[in-house]
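Visitor: Dropping in final-v3.cif, with mmCIF, C-alpha atoms.
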data_final
#
loop_
_atom_site.label_atom_id
_atom_site.label_comp_id
_atom_site.auth_asym_id
_atom_site.auth_seq_id
_atom_site.Cartn_x
_atom_site.Cartn_y
_atom_site.Cartn_z
CA MET A 1 -155.48 -52.43 -2.84
CA ILE A 2 -152.30 -51.47 -4.68
CA TYR A 3 -150.09 -48.50 -3.71
CA CYS A 4 -147.51 -46.87 -5.97
CA ASP A 5 -144.73 -44.40 -5.21
CA ILE A 6 -143.45 -42.90 -8.47
CA GLY A 7 -140.12 -41.12 -8.38
CA ASN A 8 -137.99 -39.65 -11.16
CA THR A 9 -136.16 -42.91 -11.81
CA SER A 10 -138.16 -45.70 -10.18
CA VAL A 11 -141.67 -46.95 -9.50
CA ASP A 12 -142.21 -48.63 -6.16
CA VAL A 13 -145.26 -50.92 -6.04
CA TYR A 14 -146.70 -52.08 -2.71
CA ARG A 15 -149.30 -54.86 -2.73
CA GLU A 16 -150.34 -57.02 0.22
CA GLY A 17 -147.27 -56.03 2.22
CA LYS A 18 -144.90 -56.88 -0.65
CA ARG A 19 -142.83 -54.35 -2.56
CA THR A 20 -141.53 -54.51 -6.09
CA LYS A 21 -139.35 -51.81 -7.58
CA TRP A 22 -139.22 -50.98 -11.30
CA ARG A 23 -137.23 -48.61 -13.41
CA VAL A 24 -139.66 -45.94 -14.64
CA ASP A 25 -138.88 -46.77 -18.27
CA ASP A 26 -139.55 -50.49 -17.77
CA PHE A 27 -142.86 -50.04 -16.00
CA ASP A 28 -146.21 -50.28 -17.82
CA PRO A 29 -149.22 -48.84 -15.93
CA ALA A 30 -151.46 -51.29 -17.80
CA SER A 31 -149.70 -54.15 -15.99
CA LEU A 32 -151.58 -53.34 -12.76
CA GLU A 33 -155.22 -54.39 -12.60
CA GLY A 34 -157.68 -53.20 -9.97
CA SER A 35 -157.60 -50.01 -7.95
CA VAL A 36 -154.18 -48.34 -7.73
CA HIS A 37 -153.48 -45.38 -5.46
CA TYR A 38 -150.33 -43.45 -6.27
CA VAL A 39 -148.08 -40.55 -5.34
CA SER A 40 -145.80 -39.13 -7.99
CA VAL A 41 -143.11 -36.50 -8.29
CA ASN A 42 -142.65 -37.42 -11.96
CA GLY A 43 -144.52 -35.11 -14.34
CA ALA A 44 -143.73 -37.16 -17.45
CA PHE A 45 -145.05 -40.34 -15.84
CA ASN A 46 -148.23 -38.54 -14.74
CA GLU A 47 -149.00 -37.85 -18.41
CA ARG A 48 -148.62 -41.54 -19.21
CA LEU A 49 -151.28 -42.22 -16.55
CA GLN A 50 -153.94 -40.21 -18.41
CA GLY A 51 -156.76 -42.53 -19.40
CA TYR A 52 -156.14 -45.12 -16.67
CA SER A 53 -159.32 -44.77 -14.63
CA ASN A 54 -158.12 -47.34 -12.08
CA TRP A 55 -155.16 -45.09 -11.07
CA HIS A 56 -156.03 -42.63 -8.28
CA ASP A 57 -153.81 -39.67 -7.43
CA MET A 58 -153.42 -39.27 -3.65
CA ARG A 59 -153.40 -35.47 -4.14
CA GLU A 60 -157.20 -35.62 -3.93
CA TYR A 61 -157.04 -37.01 -0.40
CA VAL A 62 -154.69 -34.42 1.10
CA ARG A 63 -155.93 -31.78 3.54
CA TRP A 64 -153.95 -29.05 1.83
CA GLU A 65 -154.36 -26.49 4.62
CA ASN A 66 -151.72 -28.51 6.50
CA TYR A 67 -149.08 -28.57 3.72
CA TYR A 68 -147.69 -26.32 0.98
CA PRO A 69 -148.55 -26.71 -2.70
CA THR A 70 -145.07 -27.56 -4.03
CA MET A 71 -144.35 -30.10 -1.27
CA GLY A 72 -143.54 -33.55 -2.65
CA MET A 73 -146.42 -36.01 -2.31
CA ASP A 74 -144.05 -38.69 -1.00
CA ARG A 75 -143.08 -36.37 1.87
CA ILE A 76 -146.72 -35.62 2.64
CA MET A 77 -147.58 -39.33 2.78
CA ALA A 78 -144.68 -40.09 5.12
CA CYS A 79 -145.93 -37.27 7.39
CA GLU A 80 -149.48 -38.68 7.27
CA ALA A 81 -148.13 -42.00 8.61
CA VAL A 82 -146.97 -40.36 11.85
CA ASP A 83 -148.92 -38.55 14.59
CA ASP A 84 -145.93 -37.21 16.52
CA GLY A 85 -142.31 -37.24 15.51
CA VAL A 86 -139.54 -36.36 13.10
CA ILE A 87 -139.65 -38.00 9.67
CA VAL A 88 -136.45 -38.39 7.68
CA ASP A 89 -136.74 -39.57 4.06
CA ALA A 90 -133.19 -40.27 2.91
CA GLY A 91 -133.26 -40.58 -0.85
CA SER A 92 -131.75 -38.47 -3.64
CA ALA A 93 -132.60 -35.58 -1.33
CA ILE A 94 -132.97 -35.98 2.44
CA THR A 95 -136.21 -34.43 3.62
CA VAL A 96 -136.74 -33.80 7.34
CA ASP A 97 -140.25 -33.02 8.59
CA VAL A 98 -141.90 -32.54 11.94
CA VAL A 99 -145.44 -33.62 12.85
CA LYS A 100 -147.06 -32.75 16.20
CA GLU A 101 -150.43 -34.10 17.26
CA GLY A 102 -151.17 -35.12 13.69
CA ARG A 103 -150.39 -31.69 12.28
CA TYR A 104 -147.50 -30.82 9.96
CA GLN A 105 -145.11 -28.27 11.54
CA GLY A 106 -142.71 -27.70 8.62
CA GLY A 107 -139.42 -29.16 7.55
CA PHE A 108 -136.33 -28.81 5.45
CA ILE A 109 -134.57 -30.41 2.52
CA SER A 110 -130.95 -31.47 2.59
CA LEU A 111 -128.94 -33.05 -0.21
CA GLY A 112 -128.88 -36.85 -0.38
CA LEU A 113 -125.66 -38.73 0.39
CA ARG A 114 -124.83 -39.32 -3.27
CA ALA A 115 -125.71 -35.76 -4.32
CA ALA A 116 -123.50 -34.35 -1.57
CA GLN A 117 -120.52 -36.52 -2.48
CA GLU A 118 -120.91 -35.62 -6.16
CA ALA A 119 -121.09 -31.92 -5.29
CA TYR A 120 -117.83 -32.13 -3.30
CA ALA A 121 -116.16 -34.03 -6.17
CA ARG A 122 -117.20 -31.29 -8.61
CA LEU A 123 -115.48 -28.62 -6.46
CA SER A 124 -112.00 -30.08 -6.69
CA PRO A 125 -110.24 -33.37 -7.51
CA ALA A 126 -108.90 -33.21 -3.92
CA LEU A 127 -112.49 -33.53 -2.62
CA ASP A 128 -113.42 -36.43 -4.92
CA VAL A 129 -113.30 -39.02 -2.12
CA SER A 130 -115.88 -41.39 -0.64
CA PHE A 131 -117.53 -40.64 2.68
CA ASN A 132 -116.25 -42.61 5.66
CA PHE A 133 -119.40 -43.95 7.32
CA GLU A 134 -117.34 -45.33 10.22
CA VAL A 135 -116.44 -41.79 11.24
CA ASP A 136 -117.10 -40.52 14.77
CA LEU A 137 -119.19 -37.38 14.29
CA THR A 138 -118.24 -36.01 17.70
CA ILE A 139 -114.55 -35.72 16.76
CA MET A 140 -113.21 -32.94 14.54
CA ALA A 141 -111.68 -34.38 11.39
CA LYS A 142 -108.00 -34.48 10.53
CA ASN A 143 -108.10 -36.03 7.05
CA THR A 144 -110.03 -35.27 3.88
CA PRO A 145 -112.59 -38.14 3.80
CA ASP A 146 -113.49 -37.53 7.46
CA ALA A 147 -113.59 -33.75 6.94
CA LEU A 148 -116.18 -34.20 4.17
CA THR A 149 -118.20 -36.85 6.02
CA VAL A 150 -118.28 -34.85 9.26
CA GLY A 151 -118.90 -31.68 7.23
CA PHE A 152 -121.97 -33.14 5.64
CA LEU A 153 -123.31 -35.51 8.30
CA ALA A 154 -122.55 -33.91 11.69
CA PRO A 155 -124.56 -30.71 11.05
CA LEU A 156 -127.45 -32.69 9.56
CA ILE A 157 -127.57 -35.39 12.25
CA HIS A 158 -127.30 -32.87 15.09
CA GLU A 159 -130.02 -30.71 13.51
CA ILE A 160 -132.36 -33.71 13.23
CA GLU A 161 -131.66 -34.61 16.87
CA ARG A 162 -132.53 -31.03 17.93
CA LEU A 163 -136.03 -31.50 16.51
CA GLY A 164 -137.01 -34.11 19.09
CA LYS A 165 -138.15 -37.72 19.12
CA PRO A 166 -139.27 -40.23 17.98
CA ILE A 167 -137.35 -40.22 14.72
CA TYR A 168 -138.64 -42.30 11.78
CA VAL A 169 -136.29 -42.94 8.88
CA THR A 170 -137.31 -44.12 5.43
CA GLY A 171 -135.88 -44.05 1.88
CA GLY A 172 -132.99 -45.78 0.11
CA ASP A 173 -130.33 -44.56 2.58
CA ALA A 174 -132.52 -45.08 5.67
CA ARG A 175 -130.31 -47.73 7.29
CA ARG A 176 -127.12 -45.80 6.69
CA ILE A 177 -128.53 -42.57 8.15
CA SER A 178 -130.34 -44.26 11.05
CA LEU A 179 -127.03 -45.66 12.35
CA PHE A 180 -126.13 -42.09 13.33
CA LEU A 181 -129.54 -41.35 14.89
CA GLU A 182 -129.76 -43.10 18.24
CA GLY A 183 -133.10 -44.73 18.88
CA SER A 184 -134.43 -43.94 15.40
CA VAL A 185 -136.87 -46.34 13.77
CA VAL A 186 -136.31 -47.45 10.18
CA ASP A 187 -139.62 -47.93 8.38
CA GLU A 188 -139.22 -48.54 4.68
CA ALA A 189 -142.98 -48.63 4.11
CA LEU A 190 -143.73 -45.28 5.76
CA ILE A 191 -145.03 -43.66 2.56
CA PHE A 192 -147.37 -46.60 1.89
CA LYS A 193 -148.58 -46.57 5.48
CA GLY A 194 -149.42 -42.88 5.11
CA MET A 195 -151.34 -43.58 1.90
CA LYS A 196 -153.29 -46.42 3.52
CA LYS A 197 -154.11 -44.30 6.59
CA LEU A 198 -155.26 -41.37 4.49
CA ILE A 199 -157.50 -43.55 2.28
CA GLU A 200 -159.06 -45.13 5.36
CA LYS A 201 -159.79 -41.67 6.76
CA GLY A 202 -161.55 -41.01 3.44
CA MET B 1 -93.42 -8.05 1.33
CA ILE B 2 -96.05 -9.43 -1.08
CA TYR B 3 -98.51 -12.20 -0.17
CA CYS B 4 -100.43 -14.30 -2.69
CA ASP B 5 -103.37 -16.64 -2.26
CA ILE B 6 -103.77 -18.77 -5.39
CA GLY B 7 -107.04 -20.60 -5.86
CA ASN B 8 -108.38 -22.63 -8.76
CA THR B 9 -109.88 -19.61 -10.51
CA SER B 10 -108.31 -16.50 -8.97
CA VAL B 11 -105.08 -15.05 -7.63
CA ASP B 12 -105.42 -12.74 -4.65
CA VAL B 13 -102.44 -10.40 -4.15
CA TYR B 14 -101.93 -8.58 -0.84
CA ARG B 15 -99.35 -5.80 -0.72
CA GLU B 16 -99.09 -3.07 1.92
CA GLY B 17 -102.60 -3.73 3.18
CA LYS B 18 -104.09 -3.52 -0.34
CA ARG B 19 -105.63 -6.43 -2.20
CA THR B 20 -105.92 -6.98 -5.91
CA LYS B 21 -107.70 -9.98 -7.39
CA TRP B 22 -106.84 -11.51 -10.76
CA ARG B 23 -108.26 -14.31 -12.84
CA VAL B 24 -105.67 -17.09 -12.82
CA ASP B 25 -105.41 -17.02 -16.61
CA ASP B 26 -104.78 -13.25 -16.69
CA PHE B 27 -102.08 -13.27 -14.02
CA ASP B 28 -98.37 -13.29 -14.89
CA PRO B 29 -96.04 -14.26 -12.00
CA ALA B 30 -93.29 -12.15 -13.64
CA SER B 31 -95.40 -9.05 -12.97
CA LEU B 32 -94.48 -9.15 -9.26
CA GLU B 33 -90.99 -8.01 -8.33
CA GLY B 34 -89.38 -8.60 -4.94
CA SER B 35 -90.07 -11.34 -2.45
CA VAL B 36 -93.48 -13.03 -2.84
CA HIS B 37 -94.85 -15.51 -0.30
CA TYR B 38 -97.72 -17.64 -1.54
CA VAL B 39 -100.20 -20.37 -0.72
CA SER B 40 -101.74 -22.32 -3.55
CA VAL B 41 -104.31 -25.03 -4.06
CA ASN B 42 -103.75 -24.86 -7.82
CA GLY B 43 -101.38 -27.54 -9.12
CA ALA B 44 -101.24 -26.14 -12.66
CA PHE B 45 -100.31 -22.68 -11.41
CA ASN B 46 -97.60 -24.14 -9.16
CA GLU B 47 -95.89 -25.51 -12.29
CA ARG B 48 -95.92 -22.06 -13.84
CA LEU B 49 -94.07 -20.82 -10.74
CA GLN B 50 -91.07 -23.08 -11.40
CA GLY B 51 -88.02 -20.93 -12.03
CA TYR B 52 -89.27 -17.87 -10.12
CA SER B 53 -86.76 -17.74 -7.26
CA ASN B 54 -88.54 -14.75 -5.68
CA TRP B 55 -91.73 -16.83 -5.11
CA HIS B 56 -91.71 -18.70 -1.75
CA ASP B 57 -94.15 -21.48 -0.96
CA MET B 58 -95.57 -21.16 2.58
CA ARG B 59 -95.56 -24.97 2.85
CA GLU B 60 -91.97 -24.69 4.04
CA TYR B 61 -93.03 -22.65 7.08
CA VAL B 62 -95.77 -24.96 8.33
CA ARG B 63 -95.31 -27.05 11.50
CA TRP B 64 -96.85 -30.12 9.86
CA GLU B 65 -97.25 -32.07 13.09
CA ASN B 66 -100.26 -29.80 13.76
CA TYR B 67 -102.03 -30.34 10.43
CA TYR B 68 -102.70 -33.09 7.91
CA PRO B 69 -100.86 -33.41 4.60
CA THR B 70 -103.82 -32.92 2.24
CA MET B 71 -105.20 -29.93 4.14
CA GLY B 72 -105.52 -26.83 1.96
CA MET B 73 -102.77 -24.27 2.58
CA ASP B 74 -105.34 -21.45 2.64
CA ARG B 75 -107.11 -23.21 5.54
CA ILE B 76 -103.83 -23.68 7.40
CA MET B 77 -102.94 -20.00 7.04
CA ALA B 78 -106.36 -18.89 8.32
CA CYS B 79 -105.82 -21.15 11.35
CA GLU B 80 -102.34 -19.71 11.91
CA ALA B 81 -103.89 -16.24 12.18
CA VAL B 82 -105.93 -17.24 15.23
CA ASP B 83 -104.85 -18.43 18.69
CA ASP B 84 -108.28 -19.44 19.97
CA GLY B 85 -111.49 -19.71 18.03
CA VAL B 86 -113.52 -21.11 15.19
CA ILE B 87 -112.46 -20.18 11.66
CA VAL B 88 -115.00 -20.27 8.84
CA ASP B 89 -113.72 -19.81 5.29
CA ALA B 90 -116.80 -19.45 3.10
CA GLY B 91 -115.70 -19.88 -0.49
CA SER B 92 -116.45 -22.52 -3.12
CA ALA B 93 -116.35 -24.89 -0.15
CA ILE B 94 -117.00 -23.76 3.42
CA THR B 95 -114.24 -24.94 5.73
CA VAL B 96 -114.75 -24.83 9.49
CA ASP B 97 -111.73 -25.25 11.78
CA VAL B 98 -111.05 -25.02 15.48
CA VAL B 99 -107.86 -23.69 17.08
CA LYS B 100 -107.22 -23.86 20.83
CA GLU B 101 -104.22 -22.23 22.48
CA GLY B 102 -102.53 -21.90 19.11
CA ARG B 103 -103.00 -25.56 18.23
CA TYR B 104 -105.19 -26.95 15.44
CA GLN B 105 -107.96 -29.21 16.78
CA GLY B 106 -109.51 -30.39 13.51
CA GLY B 107 -112.34 -29.26 11.33
CA PHE B 108 -114.75 -30.11 8.57
CA ILE B 109 -115.63 -29.15 5.01
CA SER B 110 -119.10 -28.20 3.90
CA LEU B 111 -120.23 -27.26 0.40
CA GLY B 112 -120.15 -23.57 -0.50
CA LEU B 113 -123.40 -21.66 -1.02
CA ARG B 114 -123.21 -21.81 -4.80
CA ALA B 115 -122.17 -25.49 -4.86
CA ALA B 116 -125.08 -26.39 -2.59
CA GLN B 117 -127.64 -24.51 -4.68
CA GLU B 118 -126.30 -26.10 -7.85
CA ALA B 119 -126.47 -29.56 -6.29
CA TYR B 120 -130.14 -29.05 -5.32
CA ALA B 121 -130.92 -27.80 -8.85
CA ARG B 122 -129.33 -30.92 -10.33
CA LEU B 123 -131.63 -33.17 -8.24
CA SER B 124 -134.88 -31.88 -9.67
CA PRO B 125 -136.27 -28.86 -11.56
CA ALA B 126 -138.53 -28.34 -8.52
CA LEU B 127 -135.41 -27.70 -6.39
CA ASP B 128 -133.82 -25.27 -8.87
CA VAL B 129 -134.62 -22.19 -6.77
CA SER B 130 -132.46 -19.51 -5.13
CA PHE B 131 -131.79 -19.56 -1.41
CA ASN B 132 -133.76 -17.07 0.66
CA PHE B 133 -131.16 -15.36 2.81
CA GLU B 134 -133.87 -13.49 4.72
CA VAL B 135 -135.11 -16.78 6.15
CA ASP B 136 -135.48 -17.31 9.90
CA LEU B 137 -133.42 -20.44 10.61
CA THR B 138 -135.29 -21.13 13.84
CA ILE B 139 -138.58 -21.70 12.01
CA MET B 140 -139.36 -24.90 10.10
CA ALA B 141 -139.93 -24.14 6.43
CA LYS B 142 -143.25 -24.31 4.61
CA ASN B 143 -142.19 -23.47 1.07
CA THR B 144 -139.49 -24.78 -1.27
CA PRO B 145 -136.92 -21.92 -1.21
CA ASP B 146 -137.06 -21.78 2.60
CA ALA B 147 -136.93 -25.59 2.88
CA LEU B 148 -133.67 -25.61 0.88
CA THR B 149 -132.16 -22.60 2.65
CA VAL B 150 -133.01 -23.93 6.11
CA GLY B 151 -131.94 -27.42 4.99
CA PHE B 152 -128.52 -26.21 4.04
CA LEU B 153 -127.89 -23.32 6.45
CA ALA B 154 -129.58 -24.26 9.74
CA PRO B 155 -127.55 -27.47 10.31
CA LEU B 156 -124.32 -25.73 9.29
CA ILE B 157 -124.87 -22.56 11.33
CA HIS B 158 -125.95 -24.49 14.44
CA GLU B 159 -122.96 -26.84 14.10
CA ILE B 160 -120.56 -23.89 13.88
CA GLU B 161 -122.19 -22.31 16.96
CA ARG B 162 -121.73 -25.59 18.89
CA LEU B 163 -117.97 -25.31 18.40
CA GLY B 164 -117.64 -22.23 20.60
CA LYS B 165 -116.44 -18.66 20.21
CA PRO B 166 -114.99 -16.37 18.97
CA ILE B 167 -115.98 -17.08 15.36
CA TYR B 168 -113.88 -15.57 12.54
CA VAL B 169 -115.35 -15.58 9.03
CA THR B 170 -113.40 -15.07 5.83
CA GLY B 171 -113.82 -15.87 2.11
CA GLY B 172 -116.08 -14.61 -0.67
CA ASP B 173 -119.34 -15.38 1.17
CA ALA B 174 -118.05 -14.21 4.58
CA ARG B 175 -120.55 -11.36 4.99
CA ARG B 176 -123.51 -13.46 3.93
CA ILE B 177 -122.64 -16.30 6.33
CA SER B 178 -121.64 -14.04 9.23
CA LEU B 179 -125.14 -12.48 9.28
CA PHE B 180 -126.35 -15.82 10.66
CA LEU B 181 -123.51 -16.16 13.20
CA GLU B 182 -124.15 -13.79 16.08
CA GLY B 183 -121.06 -11.98 17.26
CA SER B 184 -118.88 -13.38 14.50
CA VAL B 185 -116.02 -11.30 13.15
CA VAL B 186 -115.56 -10.91 9.39
CA ASP B 187 -111.87 -10.70 8.51
CA GLU B 188 -111.24 -10.82 4.78
CA ALA B 189 -107.47 -10.74 5.24
CA LEU B 190 -107.29 -13.70 7.65
CA ILE B 191 -105.22 -15.86 5.29
CA PHE B 192 -102.69 -13.06 4.73
CA LYS B 193 -102.51 -12.34 8.46
CA GLY B 194 -101.69 -16.02 9.05
CA MET B 195 -98.97 -15.90 6.41
CA LYS B 196 -97.45 -12.76 7.90
CA LYS B 197 -97.56 -14.21 11.43
CA LEU B 198 -95.95 -17.48 10.34
CA ILE B 199 -93.16 -15.71 8.44
CA GLU B 200 -92.43 -13.49 11.46
CA LYS B 201 -92.20 -16.61 13.66
CA GLY B 202 -89.63 -17.87 11.15
#
In structure tokens, how does this file's structure come out?

Guide:
Amino acid sequence: MIYCDIGNTSVDVYREGKRTKWRVDDFDPASLEGSVHYVSVNGAFNERLQGYSNWHDMREYVRWENYYPTMGMDRIMACEAVDDGVIVDAGSAITVDVVKEGRYQGGFISLGLRAAQEAYARLSPALDVSFNFEVDLTIMAKNTPDALTVGFLAPLIHEIERLGKPIYVTGGDARRISLFLEGSVVDEALIFKGMKKLIEKG
Amino acid sequence: MIYCDIGNTSVDVYREGKRTKWRVDDFDPASLEGSVHYVSVNGAFNERLQGYSNWHDMREYVRWENYYPTMGMDRIMACEAVDDGVIVDAGSAITVDVVKEGRYQGGFISLGLRAAQEAYARLSPALDVSFNFEVDLTIMAKNTPDALTVGFLAPLIHEIERLGKPIYVTGGDARRISLFLEGSVVDEALIFKGMKKLIEKG
């Protein structure tokens, strides 16, 4: 069984516990033989998949009464992987979702680390500085890099902590974000685990 | 006495309790006669002020041991207006600062409402939606506009509330933000009050 997570810029392929990542433009769907299950947030790529009968959209497996129609399929799969907990997917956006007793409770979408830094930089040359990931979020800032880092991260981290435990973190910035979330579990394959679990349920 | 708050796009003039707002490009410093005290975050405008001996930069009045050198003068003035409390200046950025017994404790900088919405829109066409300011921040979102609004506002509002009371809100989005901050006081002249207070101290 092959699993694929298709984003706007990359295709993440998961096969027998091994991941390979491709740039969307470099990836050819014909290169994968056998049954492929995929989630996609990339409309243009979905059109390229027309005619590949071995590619199966995970949308068909979702119990939609639990989710909302415009919710990203990657988010839904990460939620499906967890029975109880808070799921943080830290990518270009940071999605935060809550599942209780196997049922989706709702969530929110924050900007990703890069998007936030770029948005600050656009406001003023004075705010075009890198985040300081060594910062102590419990202390009020007294310089610009700390003021931006605390301004973006402290509200987000504290809000995630309010939602309860356990906290699962996935996505490209998972390790960076999880350092601020005590006791959180980094699981880079959460989306694929959700896909697998949902297919097994049938 | 005339007070001026010079931003990147506008000049806010405060005279005898009355405010007039100008676009930076339309404003002529020669149009103000008599003593003018100003704060500015606009380097280009500061150069235009060279040679106007009636224009006085508030930087000279600041006790810098309390603040940090790159801190915006508008933020410092809003802090000077308050002896104890949390000061929220909701403009193109949202600055949050804490003053205790007349002494600055530190703060942080969040994106402004417009900057945040624009940053979401840049991430994906699916996230190019307006915030829903009617949203209940205590409920997890189950649609995209609410997920973005809660994602941006709930962490920020809860973080501000953690910092204590009273909460003073100023800036262009003061009313919008203060609706979420129970018991907060909107004071659109906070920066000018700080300037006046600092000048009177000498």

Visitor: If we count all atoms listed in the file, which residues of chain B reach to within 6 Å of chain A? Please list them as a PDB file with C-alpha atoms, in the coordinates of the input.

Guide:
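What landed in out39.pdb:
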ATOM      1  CA  GLY B 106    -109.510 -30.390  13.510  1.00  0.00           C
ATOM      2  CA  GLY B 107    -112.340 -29.260  11.330  1.00  0.00           C
ATOM      3  CA  PHE B 108    -114.750 -30.110   8.570  1.00  0.00           C
ATOM      4  CA  ILE B 109    -115.630 -29.150   5.010  1.00  0.00           C
ATOM      5  CA  SER B 110    -119.100 -28.200   3.900  1.00  0.00           C
ATOM      6  CA  ALA B 119    -126.470 -29.560  -6.290  1.00  0.00           C
ATOM      7  CA  MET B 140    -139.360 -24.900  10.100  1.00  0.00           C
ATOM      8  CA  ALA B 141    -139.930 -24.140   6.430  1.00  0.00           C
ATOM      9  CA  LYS B 142    -143.250 -24.310   4.610  1.00  0.00           C
ATOM     10  CA  ALA B 147    -136.930 -25.590   2.880  1.00  0.00           C
ATOM     11  CA  LEU B 148    -133.670 -25.610   0.880  1.00  0.00           C
ATOM     12  CA  VAL B 150    -133.010 -23.930   6.110  1.00  0.00           C
ATOM     13  CA  GLY B 151    -131.940 -27.420   4.990  1.00  0.00           C
ATOM     14  CA  PHE B 152    -128.520 -26.210   4.040  1.00  0.00           C
ATOM     15  CA  PRO B 155    -127.550 -27.470  10.310  1.00  0.00           C
ATOM     16  CA  LEU B 156    -124.320 -25.730   9.290  1.00  0.00           C
ATOM     17  CA  GLU B 159    -122.960 -26.840  14.100  1.00  0.00           C
TER      18      GLU B 159
END

Visitor: If you measure from atom CA of B:Thr138 to atom CA of B:Phe180, what distance in Å do you get, rounded to one decimal?

Guide: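 That distance, rounded to one decimal, is 10.9 Å.
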
Visitor: Which residues would end up in the selection if the PyMOL selection byres ((chain B and resi 182-185) around 12) were applied here, given that I need the answer as JSON, numbers by chain?

Guide: {"B": [82, 85, 86, 87, 88, 89, 157, 158, 160, 161, 164, 165, 166, 167, 168, 169, 170, 174, 175, 176, 177, 178, 179, 180, 181, 186, 187, 188, 189, 190]}

Visitor: Running the PyMOL selection byres ((chain B and resi 76) around 9) on this model by hand, what would come out? Give it as JSON, numbers by chain.

Guide: {"B": [62, 67, 71, 72, 73, 74, 75, 77, 78, 79, 80, 81, 104, 191, 194]}

Visitor: Could you list the residues chosen by the PyMOL selection byres ((chain A and resi 84) around 7) in this structure as a PDB file with C-alpha atoms, keeping the file's coordinate frame?

Guide:
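New file expr-v3.pdb:
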ATOM      1  CA  VAL A  82    -146.970 -40.360  11.850  1.00  0.00           C
ATOM      2  CA  ASP A  83    -148.920 -38.550  14.590  1.00  0.00           C
ATOM      3  CA  GLY A  85    -142.310 -37.240  15.510  1.00  0.00           C
ATOM      4  CA  VAL A  99    -145.440 -33.620  12.850  1.00  0.00           C
ATOM      5  CA  LYS A 100    -147.060 -32.750  16.200  1.00  0.00           C
ATOM      6  CA  GLU A 101    -150.430 -34.100  17.260  1.00  0.00           C
ATOM      7  CA  GLY A 102    -151.170 -35.120  13.690  1.00  0.00           C
TER       8      GLY A 102
END

Visitor: When you draw a straight line from atom CA of A:Ile6 to atom CA of B:Phe131, how long is it in Å?

Guide: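 Straight-line distance from atom CA of A:Ile6 to atom CA of B:Phe131 works out to 27.0 Å.
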
Visitor: Tell me which of B:Val135, B:Gly43, B:Gly172, B:Val129 sits closest to B:Lys21, counting all atoms listed in the file.

Guide: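 Of B:Val135, B:Gly43, B:Gly172, B:Val129, the one nearest B:Lys21, counting all atoms listed in the file, is B:Gly172.
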
Visitor: Go ahead and find all residues with at least one atom no further than 6 Å from (-89.9, -16.4, -15.3) in the file's coordinates, using all atoms listed in the file; report them as a compact mmCIF listing (two decimals) with C-alpha atoms, keeping the file's coordinate frame.

Guide:
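The new file selection.txt reads:
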# COMPACT_ATOMS: atom_id res chain seq x y z
CA ALA B 30 -93.29 -12.15 -13.64
CA GLY B 51 -88.02 -20.93 -12.03
CA TYR B 52 -89.27 -17.87 -10.12

Visitor: For atom CA of A:Ile2 and atom CA of A:Lys193, quote the distance in Å rounded to one decimal.

Guide: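 Atom-to-atom, atom CA of A:Ile2 and atom CA of A:Lys193 are spaced 11.9 Å apart.
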
Visitor: Excluding B:Glu33 and its own-chain neighbours fewer than 6 positions away, which residues fall within 12 Å of it when counting only C-alpha atoms? Please give them as a PyMOL selection string.

Guide: chain B and resi 1-3+15+52-55
